[in-house]
$ cat coords14.csv   # CSV, C-alpha atoms
chain,number,residue,atom,x,y,z
X,1,MET,CA,-81.9,19.4,77.9
X,2,ASN,CA,-79.3,22.1,78.6
X,3,ASN,CA,-75.6,21.5,78.4
X,4,PHE,CA,-75.1,21.2,82.1
X,5,GLU,CA,-77.9,18.6,82.5
X,6,SER,CA,-76.4,16.7,79.5
X,7,ASN,CA,-73.0,16.7,81.1
X,8,LEU,CA,-74.4,15.6,84.4
X,9,GLN,CA,-76.3,12.7,82.8
X,10,GLN,CA,-73.1,11.6,81.0
X,11,TYR,CA,-71.2,11.8,84.3
X,12,ALA,CA,-73.8,9.6,86.0
X,13,GLU,CA,-73.6,7.1,83.2
X,14,LEU,CA,-69.8,7.2,83.2
X,15,ALA,CA,-69.7,6.4,87.0
X,16,VAL,CA,-72.1,3.5,86.5
X,17,LYS,CA,-70.9,2.0,83.2
X,18,VAL,CA,-67.1,2.7,83.6
X,19,GLY,CA,-66.5,3.5,87.2
X,20,VAL,CA,-68.2,0.6,89.0
X,21,ASN,CA,-69.2,-1.1,85.7
X,22,VAL,CA,-72.5,-2.4,86.9
X,23,HIS,CA,-73.6,-5.8,85.4
X,24,PRO,CA,-77.1,-7.2,85.0
X,25,GLY,CA,-78.4,-8.7,88.2
X,26,GLN,CA,-75.9,-6.8,90.4
X,27,THR,CA,-76.6,-4.7,93.4
X,28,LEU,CA,-75.2,-1.2,93.5
X,29,VAL,CA,-74.7,0.6,96.8
X,30,VAL,CA,-74.3,4.4,96.6
X,31,ASN,CA,-72.8,6.3,99.5
X,32,ALA,CA,-73.6,10.0,99.0
X,33,PRO,CA,-74.3,13.4,100.7
X,34,ILE,CA,-77.9,14.7,100.5
X,35,THR,CA,-76.6,17.8,98.6
X,36,ALA,CA,-75.9,15.5,95.7
X,37,ALA,CA,-79.5,14.1,95.5
X,38,HIS,CA,-80.2,15.2,91.9
X,39,PHE,CA,-77.0,13.6,90.6
X,40,VAL,CA,-77.6,10.4,92.7
X,41,ARG,CA,-81.1,10.0,91.2
X,42,LEU,CA,-79.4,10.1,87.7
X,43,ILE,CA,-77.0,7.4,89.0
X,44,VAL,CA,-79.9,5.2,90.2
X,45,LYS,CA,-81.7,5.5,86.9
X,46,ALA,CA,-78.5,4.7,84.9
X,47,ALA,CA,-77.8,1.7,87.2
X,48,TYR,CA,-81.3,0.2,86.7
X,49,ASN,CA,-81.0,0.8,82.9
X,50,ALA,CA,-77.7,-1.1,83.0
X,51,GLY,CA,-79.5,-4.1,84.6
X,52,ALA,CA,-79.0,-3.6,88.3
X,53,LYS,CA,-81.4,-5.6,90.4
X,54,LEU,CA,-81.2,-3.2,93.4
X,55,VAL,CA,-79.7,0.2,94.0
X,56,LYS,CA,-79.3,1.1,97.7
X,57,VAL,CA,-78.5,4.7,98.6
X,58,ASN,CA,-76.9,5.5,102.0
X,59,TRP,CA,-77.3,9.3,102.6
X,60,SER,CA,-75.1,11.5,104.7
X,61,ASP,CA,-75.3,15.1,105.8
X,62,GLU,CA,-72.3,17.2,106.8
X,63,THR,CA,-74.4,19.5,109.0
X,64,VAL,CA,-75.5,16.5,111.0
X,65,THR,CA,-71.9,15.1,111.1
X,66,ARG,CA,-70.7,18.4,112.5
X,67,LEU,CA,-73.5,18.5,115.1
X,68,HIS,CA,-72.5,15.0,116.2
X,69,TYR,CA,-68.9,16.0,116.7
X,70,ASP,CA,-69.8,19.1,118.5
X,71,LEU,CA,-72.7,17.9,120.8
X,72,ALA,CA,-72.5,14.1,121.2
X,73,PRO,CA,-71.1,12.8,124.5
X,74,ASP,CA,-67.6,11.4,124.5
X,75,GLU,CA,-68.7,7.8,124.7
X,76,ALA,CA,-70.6,8.1,121.4
X,77,PHE,CA,-67.3,8.1,119.5
X,78,SER,CA,-66.4,4.7,120.9
X,79,ILE,CA,-69.5,3.0,119.6
X,80,GLU,CA,-68.5,0.5,116.8
X,81,PRO,CA,-70.7,0.8,113.7
X,82,LYS,CA,-71.1,-3.0,113.7
X,83,TRP,CA,-74.4,-3.0,111.9
X,84,PHE,CA,-73.0,-0.9,109.1
X,85,ALA,CA,-69.8,-2.9,108.8
X,86,ALA,CA,-71.8,-6.2,108.7
X,87,GLU,CA,-74.2,-4.9,106.1
X,88,MET,CA,-71.4,-3.6,103.8
X,89,THR,CA,-69.4,-6.8,104.2
X,90,GLU,CA,-72.4,-9.0,103.4
X,91,LEU,CA,-73.3,-6.9,100.4
X,92,VAL,CA,-69.8,-7.1,98.8
X,93,GLU,CA,-69.6,-10.8,99.6
X,94,GLU,CA,-72.8,-11.2,97.6
X,95,GLY,CA,-71.2,-9.3,94.6
X,96,ALA,CA,-72.4,-5.7,95.2
X,97,ALA,CA,-70.6,-2.8,93.7
X,98,ILE,CA,-69.9,0.3,95.8
X,99,LEU,CA,-70.0,3.9,94.5
X,100,HIS,CA,-68.9,6.7,96.7
X,101,VAL,CA,-70.1,10.2,95.8
X,102,ILE,CA,-68.1,12.8,97.7
X,103,ALA,CA,-68.6,16.6,98.1
X,104,GLU,CA,-66.2,17.2,101.0
X,105,ASN,CA,-65.8,20.4,102.9
X,106,PRO,CA,-62.1,20.4,103.7
X,107,ASP,CA,-62.6,22.4,106.9
X,108,LEU,CA,-65.7,20.5,108.1
X,109,LEU,CA,-64.2,19.4,111.5
X,110,ASN,CA,-61.9,22.4,112.0
X,111,GLY,CA,-61.9,23.2,115.7
X,112,VAL,CA,-63.3,19.8,116.8
X,113,ALA,CA,-61.3,18.1,119.6
X,114,GLN,CA,-58.8,15.8,117.8
X,115,GLU,CA,-59.4,13.0,120.4
X,116,ARG,CA,-63.0,12.7,119.1
X,117,ILE,CA,-61.9,12.4,115.5
X,118,VAL,CA,-59.1,9.9,116.2
X,119,THR,CA,-61.4,7.7,118.4
X,120,SER,CA,-64.1,7.7,115.7
X,121,GLN,CA,-61.6,6.8,112.9
X,122,LYS,CA,-60.0,4.0,114.9
X,123,VAL,CA,-63.4,2.5,115.9
X,124,ARG,CA,-64.7,2.7,112.3
X,125,GLY,CA,-61.5,1.4,110.8
X,126,LYS,CA,-61.5,-1.6,113.1
X,127,ALA,CA,-65.2,-2.4,112.4
X,128,LEU,CA,-64.6,-2.2,108.7
X,129,GLU,CA,-61.4,-4.2,108.7
X,130,LYS,CA,-62.8,-7.2,106.8
X,131,TYR,CA,-64.6,-5.0,104.3
X,132,ARG,CA,-61.4,-3.0,103.7
X,133,ALA,CA,-59.4,-6.2,103.2
X,134,TYR,CA,-61.8,-7.2,100.4
X,135,GLN,CA,-61.4,-3.7,98.9
X,136,MET,CA,-57.6,-3.8,99.0
X,137,ALA,CA,-57.6,-7.2,97.3
X,138,ASP,CA,-60.1,-6.2,94.5
X,139,LYS,CA,-62.7,-8.6,95.6
X,140,PHE,CA,-65.5,-6.2,94.5
X,141,SER,CA,-65.9,-3.2,92.2
X,142,TRP,CA,-65.8,0.2,93.8
X,143,SER,CA,-65.3,3.8,92.6
X,144,ILE,CA,-65.2,7.4,93.9
X,145,VAL,CA,-66.6,10.4,92.1
X,146,ALA,CA,-67.0,13.9,93.3
X,147,VAL,CA,-69.6,16.7,93.1
X,148,PRO,CA,-69.1,20.3,94.3
X,149,SER,CA,-70.4,21.6,97.6
X,150,PRO,CA,-70.6,25.4,98.2
X,151,GLU,CA,-68.0,25.1,101.0
X,152,TRP,CA,-65.5,23.1,98.8
X,153,ALA,CA,-66.0,25.4,95.8
X,154,ALA,CA,-65.4,28.5,97.9
X,155,LYS,CA,-62.2,26.9,99.2
X,156,VAL,CA,-61.0,26.2,95.6
X,157,PHE,CA,-62.1,29.5,94.0
X,158,PRO,CA,-62.0,32.1,96.8
X,159,ASP,CA,-61.5,35.0,94.3
X,160,LEU,CA,-64.6,34.3,92.3
X,161,PRO,CA,-68.0,35.7,93.1
X,162,GLU,CA,-69.9,33.3,95.3
X,163,ALA,CA,-72.6,32.8,92.6
X,164,GLN,CA,-69.9,31.5,90.2
X,165,GLN,CA,-67.9,29.2,92.5
X,166,VAL,CA,-70.0,26.0,92.3
X,167,ASP,CA,-70.5,26.3,88.5
X,168,ARG,CA,-66.8,26.8,88.0
X,169,LEU,CA,-66.0,23.7,90.0
X,170,TRP,CA,-68.5,21.7,88.0
X,171,ASP,CA,-66.8,22.8,84.8
X,172,VAL,CA,-63.4,21.6,86.1
X,173,ILE,CA,-64.7,18.3,87.4
X,174,PHE,CA,-66.4,17.6,84.0
X,175,LYS,CA,-63.1,18.3,82.3
X,176,THR,CA,-61.0,16.1,84.6
X,177,VAL,CA,-63.3,13.1,83.9
X,178,ARG,CA,-63.2,13.7,80.2
X,179,ILE,CA,-66.8,14.8,79.7
X,180,GLY,CA,-67.1,17.3,76.9
X,181,GLU,CA,-67.4,17.3,73.1
X,182,LYS,CA,-66.0,13.7,72.6
X,183,ASP,CA,-67.3,10.3,73.7
X,184,ALA,CA,-66.3,10.1,77.3
X,185,VAL,CA,-66.3,6.3,77.4
X,186,ALA,CA,-64.0,6.1,74.4
X,187,GLU,CA,-61.8,8.8,75.8
X,188,TRP,CA,-61.4,6.7,79.1
X,189,LYS,CA,-60.6,3.6,77.1
X,190,THR,CA,-57.7,5.4,75.3
X,191,HIS,CA,-56.6,7.0,78.6
X,192,LEU,CA,-56.4,3.7,80.5
X,193,GLN,CA,-54.5,2.1,77.6
X,194,ASN,CA,-51.9,4.8,77.9
X,195,LEU,CA,-51.6,4.3,81.7
X,196,ASP,CA,-51.4,0.6,81.2
X,197,SER,CA,-48.4,1.0,78.8
X,198,ARG,CA,-46.6,2.9,81.6
X,199,ALA,CA,-47.3,0.3,84.1
X,200,ASP,CA,-46.2,-2.5,81.7
X,201,LEU,CA,-42.9,-0.8,81.1
X,202,LEU,CA,-42.2,-0.4,84.8
X,203,ASN,CA,-43.1,-4.0,85.4
X,204,SER,CA,-40.6,-5.0,82.7
X,205,LYS,CA,-37.9,-3.1,84.6
X,206,LYS,CA,-38.4,-4.8,87.9
X,207,TYR,CA,-36.6,-2.1,89.8
X,208,LYS,CA,-35.2,-2.9,93.2
X,209,LYS,CA,-35.5,0.6,94.6
X,210,LEU,CA,-36.7,4.1,93.7
X,211,HIS,CA,-34.7,7.2,94.6
X,212,TYR,CA,-36.5,10.5,95.0
X,213,THR,CA,-34.8,13.9,95.1
X,214,ALA,CA,-36.5,17.4,95.2
X,215,PRO,CA,-36.3,20.4,97.5
X,216,GLY,CA,-36.7,19.0,101.0
X,217,THR,CA,-36.8,15.4,99.7
X,218,ASP,CA,-34.2,12.8,99.5
X,219,LEU,CA,-35.9,9.4,99.8
X,220,THR,CA,-35.1,5.9,98.9
X,221,ILE,CA,-38.0,3.3,98.6
X,222,GLU,CA,-37.2,-0.4,98.2
X,223,LEU,CA,-39.8,-2.4,96.3
X,224,PRO,CA,-40.8,-5.9,97.4
X,225,GLU,CA,-39.9,-8.9,95.3
X,226,GLY,CA,-42.9,-9.7,93.0
X,227,HIS,CA,-44.3,-6.1,93.2
X,228,ILE,CA,-46.7,-5.1,90.4
X,229,TRP,CA,-47.3,-1.7,88.9
X,230,VAL,CA,-50.9,-1.1,88.1
X,231,SER,CA,-52.9,1.8,86.7
X,232,GLY,CA,-56.4,3.2,87.3
X,233,GLY,CA,-58.2,0.1,85.8
X,234,SER,CA,-58.7,-2.8,88.2
X,235,VAL,CA,-60.3,-6.3,87.8
X,236,ASN,CA,-62.5,-7.7,90.5
X,237,GLU,CA,-62.9,-11.3,91.5
X,238,GLN,CA,-65.5,-11.9,88.8
X,239,GLY,CA,-63.2,-10.6,86.1
X,240,HIS,CA,-65.0,-7.3,85.7
X,241,VAL,CA,-63.0,-4.1,85.0
X,242,PHE,CA,-63.7,-1.1,87.2
X,243,ILE,CA,-62.0,2.2,87.9
X,244,ALA,CA,-61.6,3.0,91.6
X,245,ASN,CA,-60.9,6.8,91.2
X,246,MET,CA,-62.4,9.1,88.6
X,247,PRO,CA,-60.4,11.0,87.7
X,248,THR,CA,-57.1,9.0,87.7
X,249,GLU,CA,-53.7,9.8,86.2
X,250,GLU,CA,-51.5,7.4,88.3
X,251,VAL,CA,-49.6,4.2,88.0
X,252,PHE,CA,-48.8,2.8,91.4
X,253,THR,CA,-47.4,-0.2,93.4
X,254,ALA,CA,-46.6,-1.1,97.0
X,255,PRO,CA,-43.3,-0.4,98.8
X,256,LEU,CA,-41.4,-2.9,100.9
X,257,LYS,CA,-42.6,-2.0,104.4
X,258,THR,CA,-39.1,-1.9,105.9
X,259,GLY,CA,-37.4,-0.5,102.9
X,260,VAL,CA,-38.0,3.3,103.1
X,261,ASN,CA,-35.2,5.6,104.2
X,262,GLY,CA,-34.8,9.4,104.1
X,263,THR,CA,-37.0,12.5,104.2
X,264,VAL,CA,-39.9,13.5,102.0
X,265,ARG,CA,-41.6,16.9,102.0
X,266,SER,CA,-45.3,17.5,100.9
X,267,THR,CA,-46.0,19.8,98.0
X,268,LYS,CA,-49.8,20.2,98.5
X,269,PRO,CA,-52.1,20.4,101.5
X,270,LEU,CA,-53.7,17.2,102.8
X,271,SER,CA,-57.3,17.3,103.8
X,272,TYR,CA,-57.6,14.7,106.6
X,273,GLY,CA,-60.2,14.2,109.2
X,274,GLY,CA,-61.9,17.5,108.3
X,275,ASN,CA,-58.7,19.4,108.9
X,276,LEU,CA,-55.9,20.6,106.6
X,277,ILE,CA,-52.3,19.5,107.0
X,278,ASP,CA,-49.8,21.6,105.1
X,279,GLY,CA,-46.0,22.1,104.7
X,280,PHE,CA,-45.2,18.8,106.3
X,281,SER,CA,-42.2,16.5,106.2
X,282,LEU,CA,-41.7,12.9,107.2
X,283,THR,CA,-38.4,11.1,108.0
X,284,PHE,CA,-38.1,7.4,107.6
X,285,GLU,CA,-35.7,4.8,109.0
X,286,ASN,CA,-36.0,1.2,107.8
X,287,GLY,CA,-39.5,2.0,106.7
X,288,ARG,CA,-40.8,3.5,109.9
X,289,ILE,CA,-41.7,7.2,110.3
X,290,VAL,CA,-39.3,8.4,113.0
X,291,ASP,CA,-39.9,12.1,112.8
X,292,TYR,CA,-42.4,14.5,111.3
X,293,THR,CA,-43.1,18.3,111.2
X,294,ALA,CA,-45.9,20.4,109.8
X,295,GLU,CA,-46.4,24.2,109.3
X,296,GLN,CA,-50.2,23.6,109.7
X,297,GLY,CA,-52.2,20.8,111.2
X,298,LEU,CA,-49.4,19.1,113.2
X,299,ASP,CA,-51.9,17.6,115.7
X,300,ALA,CA,-53.9,16.1,112.8
X,301,LEU,CA,-50.6,14.7,111.3
X,302,LYS,CA,-49.7,13.2,114.6
X,303,ASN,CA,-53.1,11.5,114.9
X,304,LEU,CA,-52.7,10.1,111.4
X,305,VAL,CA,-49.2,8.7,112.1
X,306,GLU,CA,-50.2,7.4,115.5
X,307,MET,CA,-53.5,5.7,114.2
X,308,ASP,CA,-51.8,2.3,114.7
X,309,GLU,CA,-48.4,0.8,114.2
X,310,GLY,CA,-49.0,0.3,110.5
X,311,ALA,CA,-49.7,4.0,110.1
X,312,HIS,CA,-45.9,4.6,110.8
X,313,TYR,CA,-45.2,2.9,107.4
X,314,LEU,CA,-46.1,3.4,103.7
X,315,GLY,CA,-48.5,1.3,101.7
X,316,GLU,CA,-48.5,2.9,98.3
X,317,VAL,CA,-46.0,4.5,95.8
X,318,ALA,CA,-47.7,6.4,93.0
X,319,LEU,CA,-46.3,8.1,89.9
X,320,VAL,CA,-48.1,11.1,88.3
X,321,PRO,CA,-46.3,13.5,85.9
X,322,HIS,CA,-46.3,17.2,86.8
X,323,GLN,CA,-47.6,17.9,83.3
X,324,SER,CA,-50.9,16.2,83.3
X,325,PRO,CA,-54.5,17.3,82.7
X,326,ILE,CA,-55.3,17.9,86.4
X,327,SER,CA,-52.0,19.5,87.2
X,328,ASP,CA,-52.1,21.7,84.2
X,329,THR,CA,-55.3,23.4,85.5
X,330,ASN,CA,-53.0,24.9,88.2
X,331,ILE,CA,-55.8,24.5,90.7
X,332,LEU,CA,-55.3,23.4,94.2
X,333,PHE,CA,-58.4,21.2,94.9
X,334,TYR,CA,-58.0,20.6,98.7
X,335,ASN,CA,-59.3,17.1,97.9
X,336,THR,CA,-57.1,14.1,97.6
X,337,LEU,CA,-59.1,12.5,94.8
X,338,PHE,CA,-58.0,15.4,92.5
X,339,ASP,CA,-54.7,16.6,94.1
X,340,GLU,CA,-53.2,13.1,94.1
X,341,ASN,CA,-53.8,12.9,90.4
X,342,ALA,CA,-51.9,16.1,89.8
X,343,SER,CA,-48.8,14.9,91.7
X,344,ASN,CA,-46.5,12.1,92.6
X,345,HIS,CA,-47.8,10.8,95.9
X,346,LEU,CA,-47.3,8.2,98.6
X,347,ALA,CA,-49.8,6.7,101.1
X,348,ILE,CA,-49.4,6.1,104.8
X,349,GLY,CA,-51.0,2.8,105.9
X,350,ASN,CA,-52.3,-0.3,104.3
X,351,ALA,CA,-50.9,-1.7,101.1
X,352,TYR,CA,-53.0,-3.0,98.2
X,353,ALA,CA,-52.8,-6.8,98.0
X,354,PHE,CA,-53.2,-6.7,94.2
X,355,CYS,CA,-49.8,-4.9,94.0
X,356,LEU,CA,-48.0,-8.1,94.7
X,357,GLU,CA,-47.9,-11.3,92.6
X,358,GLY,CA,-50.4,-13.7,94.1
X,359,GLY,CA,-51.4,-11.1,96.6
X,360,LYS,CA,-55.1,-11.2,95.9
X,361,THR,CA,-55.4,-14.7,97.4
X,362,MET,CA,-52.9,-14.2,100.3
X,363,SER,CA,-54.0,-14.0,103.9
X,364,LYS,CA,-53.1,-10.9,105.9
X,365,GLU,CA,-50.3,-12.8,107.5
X,366,GLU,CA,-48.9,-14.0,104.2
X,367,LEU,CA,-49.0,-10.4,102.8
X,368,ILE,CA,-47.0,-9.2,105.9
X,369,GLU,CA,-44.5,-12.0,105.3
X,370,HIS,CA,-43.9,-10.7,101.8
X,371,GLY,CA,-43.2,-7.2,103.0
X,372,MET,CA,-46.6,-5.6,102.6
X,373,ASN,CA,-47.8,-3.1,105.2
X,374,SER,CA,-51.0,-3.6,107.2
X,375,SER,CA,-53.0,-0.8,108.9
X,376,LEU,CA,-56.5,0.4,109.6
X,377,THR,CA,-55.8,3.4,107.5
X,378,HIS,CA,-54.7,4.4,104.0
X,379,VAL,CA,-54.1,8.1,103.4
X,380,ASP,CA,-52.5,9.5,100.2
X,381,PHE,CA,-50.3,12.6,100.4
X,382,MET,CA,-48.8,14.6,97.6
X,383,ILE,CA,-45.0,15.0,97.1
X,384,GLY,CA,-44.6,15.8,93.4
X,385,SER,CA,-43.4,19.0,91.7
X,386,GLY,CA,-41.6,20.2,88.6
X,387,GLU,CA,-38.4,19.9,90.5
X,388,MET,CA,-38.7,16.2,91.4
X,389,ASN,CA,-36.3,13.6,89.9
X,390,ILE,CA,-36.9,9.9,90.4
X,391,ASN,CA,-34.3,7.2,89.5
X,392,GLY,CA,-35.0,3.5,89.3
X,393,VAL,CA,-32.3,1.4,90.9
X,394,THR,CA,-31.8,-2.1,89.3
X,395,SER,CA,-30.9,-5.2,91.2
X,396,GLU,CA,-27.3,-4.6,90.1
X,397,GLY,CA,-27.3,-1.1,91.6
X,398,ALA,CA,-27.4,0.9,88.4
X,399,GLU,CA,-29.7,4.0,88.4
X,400,GLU,CA,-31.9,4.9,85.5
X,401,PRO,CA,-34.1,8.1,85.2
X,402,ILE,CA,-37.8,7.5,85.6
X,403,PHE,CA,-38.8,11.2,86.2
X,404,VAL,CA,-36.8,14.2,85.2
X,405,ASN,CA,-38.0,17.6,86.4
X,406,GLY,CA,-41.3,16.2,87.4
X,407,ASN,CA,-42.2,14.3,84.2
X,408,TRP,CA,-41.6,10.9,82.6
X,409,ALA,CA,-38.1,10.3,81.3
X,410,PHE,CA,-39.4,7.7,78.9
$ encode --input "coords14.csv" --output "structure tokens"
Amino acid sequence: MNNFESNLQQYAELAVKVGVNVHPGQTLVVNAPITAAHFVRLIVKAAYNAGAKLVKVNWSDETVTRLHYDLAPDEAFSIEPKWFAAEMTELVEEGAAILHVIAENPDLLNGVAQERIVTSQKVRGKALEKYRAYQMADKFSWSIVAVPSPEWAAKVFPDLPEAQQVDRLWDVIFKTVRIGEKDAVAEWKTHLQNLDSRADLLNSKKYKKLHYTAPGTDLTIELPEGHIWVSGGSVNEQGHVFIANMPTEEVFTAPLKTGVNGTVRSTKPLSYGGNLIDGFSLTFENGRIVDYTAEQGLDALKNLVEMDEGAHYLGEVALVPHQSPISDTNILFYNTLFDENASNHLAIGNAYAFCLEGGKTMSKEELIEHGMNSSLTHVDFMIGSGEMNINGVTSEGAEEPIFVNGNWAF
């Protein structure tokens, strides 16, 4: 077995054993593009070897997706995927784990009428609302891993010869998920312990607010009473640990829905709905986005913010040091899974129920009463840089440095 195949097999086993942490007798659902068929077959094998009773693969094809957006009649985008939503909801209610394998082309839907994209997203989001509520409350194990596509690799490494682009992106992905000379599973255990220690320290502080300053950014975010800082490791309803994002470098919590004020400027492009949004700023008053600008992709940004009322508010606050393994690559990935783990970021939309004490067992209405945002969407965008400072504000009004020049102050 050559080195690449050995790394690929380790990656598949890492996704199964650490990412979704498949248990004997469990069903695993894999959502993946057809271009990742070889990798997915390794995942299927690893899952059955781990004791899975059934591995179900849902294939997708970006060429077919683009043909649909270009050629289907307008009414096709208003059809609710009720059968898919019902199946996914039933599967997770019965204890299935969900693994997403992504290989996104950041420009896939460039040039498509925005109305089609928005209608499709709204309809899909509404149909999957119950499933997403389970996901946001850690009812089941789920994880996202990535594999290169030629289009994505060309976007990341435009200066490399075409024949080298995919191989180079594979090398970087393996590095970010800690596959190499050392035991990847052991490396992840140590990594999560380090992240947990950061989260524990922030939880002991019980800050009332966070104050962000950087070029183009002066933002205050109030945190709800009983907020919880968490790291990449989560625990599902059965008590099994899983990692939702691989790679992950963040610790995060939920903001108070109505407690965000000021302006924040993005520091990396956001790939959203098959389009890139870049150089954008958001202005908040009492939690709500009241103004926004963008140098590129303004229509896509408008559609995100106007998705529903909840998309006018934030649902996540995440801290990632500027000096971190992914950031230190100095690579712009044009993919949120990687770029958000190289930068402090926020998320427009729904809040994670597990970021609030007792939130996992609260109803939607109870979460809203406790200041948590509710929305059909949840989209991360990057705001961190080596020039960002973040202070924690105590309940007495004192300010303490959390980040200085983009990195942890403690």
$ closest_residue --input "coords14.csv" --among "X:Glu13, X:Asp380, X:Asp167, X:Asp107" --to "Ala46 (chain X)" --atoms "all atoms listed in the file"
X:Glu13
$ atom_distance --input "coords14.csv" --atom1 "CA of Gln165 (chain X)" --atom2 "CA of Val147 (chain X)"
12.6 Å
$ closest_residue --input "coords14.csv" --among "X:Ala133, X:Leu304, X:Ala47, X:Ala127" --to "Gln9 (chain X)" --atoms "only C-alpha atoms"
X:Ala47
$ residues_around --input "coords14.csv" --residues "Arg198 (chain X)" --least-positions-apart "5" --cutoff "12 Å" --atoms "only C-alpha atoms" --output "PyMOL selection string"
chain X and resi 191-193+203-205+228-232+249-252+318-321+402+408-410
$ closest_atom_pairs --input "coords14.csv" --of "region 357-376 of chain X" --to "region 307-315 of chain X" --cutoff "9 Å" --atoms "all atoms listed in the file" --output "tab-separated table"
residue	atom	partner	partner_atom	distance
X:Met372	CA	X:Gly315	CA	7.2
X:Asn373	CA	X:Gly315	CA	5.7
X:Ser374	CA	X:Gly310	CA	5.5
X:Ser375	CA	X:Gly310	CA	4.4
X:Leu376	CA	X:Asp308	CA	7.2
$ closest_residue --input "coords14.csv" --among "X:Asn391, X:Asn7, X:Gly273, X:Asn21" --to "Ile243 (chain X)" --atoms "all atoms listed in the file"
X:Asn21
$ residues_around --input "coords14.csv" --residues "Ser60 (chain X)" --least-positions-apart "3" --cutoff "9 Å" --atoms "all atoms listed in the file" --output "ChimeraX atom specification"
/X:31-35,64-65
$ atom_distance --input "coords14.csv" --atom1 "CA of Asp278 (chain X)" --atom2 "CA of Asn389 (chain X)"
21.8 Å
$ closest_residue --input "coords14.csv" --among "X:Thr190, X:Thr220, X:Ser234, X:Ser143" --to "Ile390 (chain X)" --atoms "all atoms listed in the file"
X:Thr220
$ residues_near_point --input "coords14.csv" --point "(-34.6, 0.4, 104.9)" --cutoff "8 Å" --atoms "all atoms listed in the file" --output "number ranges by chain"
X: 221-222, 258-261, 285-287
$ residues_around --input "coords14.csv" --residues "Asp339 (chain X)" --least-positions-apart "3" --cutoff "8 Å" --atoms "all atoms listed in the file" --output "ChimeraX atom specification"
/X:268,326-327,332-336,342-343,382
$ atom_distance --input "coords14.csv" --atom1 "CA of Leu298 (chain X)" --atom2 "CA of Phe280 (chain X)"
8.1 Å
$ residues_around --input "coords14.csv" --residues "region 177-184 of chain X" --least-positions-apart "6" --cutoff "12 Å" --atoms "only C-alpha atoms" --output "count of residues only"
34
$ closest_residue --input "coords14.csv" --among "X:Ala347, X:Val290, X:Ile368, X:Leu108" --to "Pro224 (chain X)" --atoms "all atoms listed in the file"
X:Ile368
$ residues_near_point --input "coords14.csv" --point "(-79.2, 1.6, 91.6)" --cutoff "7 Å" --atoms "all atoms listed in the file" --output "list in words"
Leu28, Val29, Ile43, Val44, Lys45, Ala47, Tyr48, Ala52, Leu54, Val55 and Lys56 of chain X
$ residues_around --input "coords14.csv" --residues "Asp299 (chain X)" --least-positions-apart "2" --cutoff "12 Å" --atoms "only C-alpha atoms" --output "list in words"
Asn110, Gly111, Val112, Ala113, Gln114, Glu115, Ile117, Val118, Tyr272, Gly273, Asn275, Leu276, Ile277, Asp278, Phe280, Tyr292, Thr293, Ala294, Glu295, Gln296, Gly297, Leu301, Lys302, Asn303, Leu304, Val305 and Glu306 of chain X
$ write_last_selection --input "coords14.csv" --atoms "C-alpha atoms" --output "JSON list (two decimals), keeping the file's coordinate frame"
[["chain", "number", "residue", "atom", "x", "y", "z"],
["X", 110, "ASN", "CA", -61.90, 22.40, 112.00],
["X", 111, "GLY", "CA", -61.90, 23.20, 115.70],
["X", 112, "VAL", "CA", -63.30, 19.80, 116.80],
["X", 113, "ALA", "CA", -61.30, 18.10, 119.60],
["X", 114, "GLN", "CA", -58.80, 15.80, 117.80],
["X", 115, "GLU", "CA", -59.40, 13.00, 120.40],
["X", 117, "ILE", "CA", -61.90, 12.40, 115.50],
["X", 118, "VAL", "CA", -59.10, 9.90, 116.20],
["X", 272, "TYR", "CA", -57.60, 14.70, 106.60],
["X", 273, "GLY", "CA", -60.20, 14.20, 109.20],
["X", 275, "ASN", "CA", -58.70, 19.40, 108.90],
["X", 276, "LEU", "CA", -55.90, 20.60, 106.60],
["X", 277, "ILE", "CA", -52.30, 19.50, 107.00],
["X", 278, "ASP", "CA", -49.80, 21.60, 105.10],
["X", 280, "PHE", "CA", -45.20, 18.80, 106.30],
["X", 292, "TYR", "CA", -42.40, 14.50, 111.30],
["X", 293, "THR", "CA", -43.10, 18.30, 111.20],
["X", 294, "ALA", "CA", -45.90, 20.40, 109.80],
["X", 295, "GLU", "CA", -46.40, 24.20, 109.30],
["X", 296, "GLN", "CA", -50.20, 23.60, 109.70],
["X", 297, "GLY", "CA", -52.20, 20.80, 111.20],
["X", 301, "LEU", "CA", -50.60, 14.70, 111.30],
["X", 302, "LYS", "CA", -49.70, 13.20, 114.60],
["X", 303, "ASN", "CA", -53.10, 11.50, 114.90],
["X", 304, "LEU", "CA", -52.70, 10.10, 111.40],
["X", 305, "VAL", "CA", -49.20, 8.70, 112.10],
["X", 306, "GLU", "CA", -50.20, 7.40, 115.50]]
$ closest_residue --input "coords14.csv" --among "X:Lys53, X:Lys360, X:Arg124, X:His370" --to "Phe84 (chain X)" --atoms "all atoms listed in the file"
X:Arg124
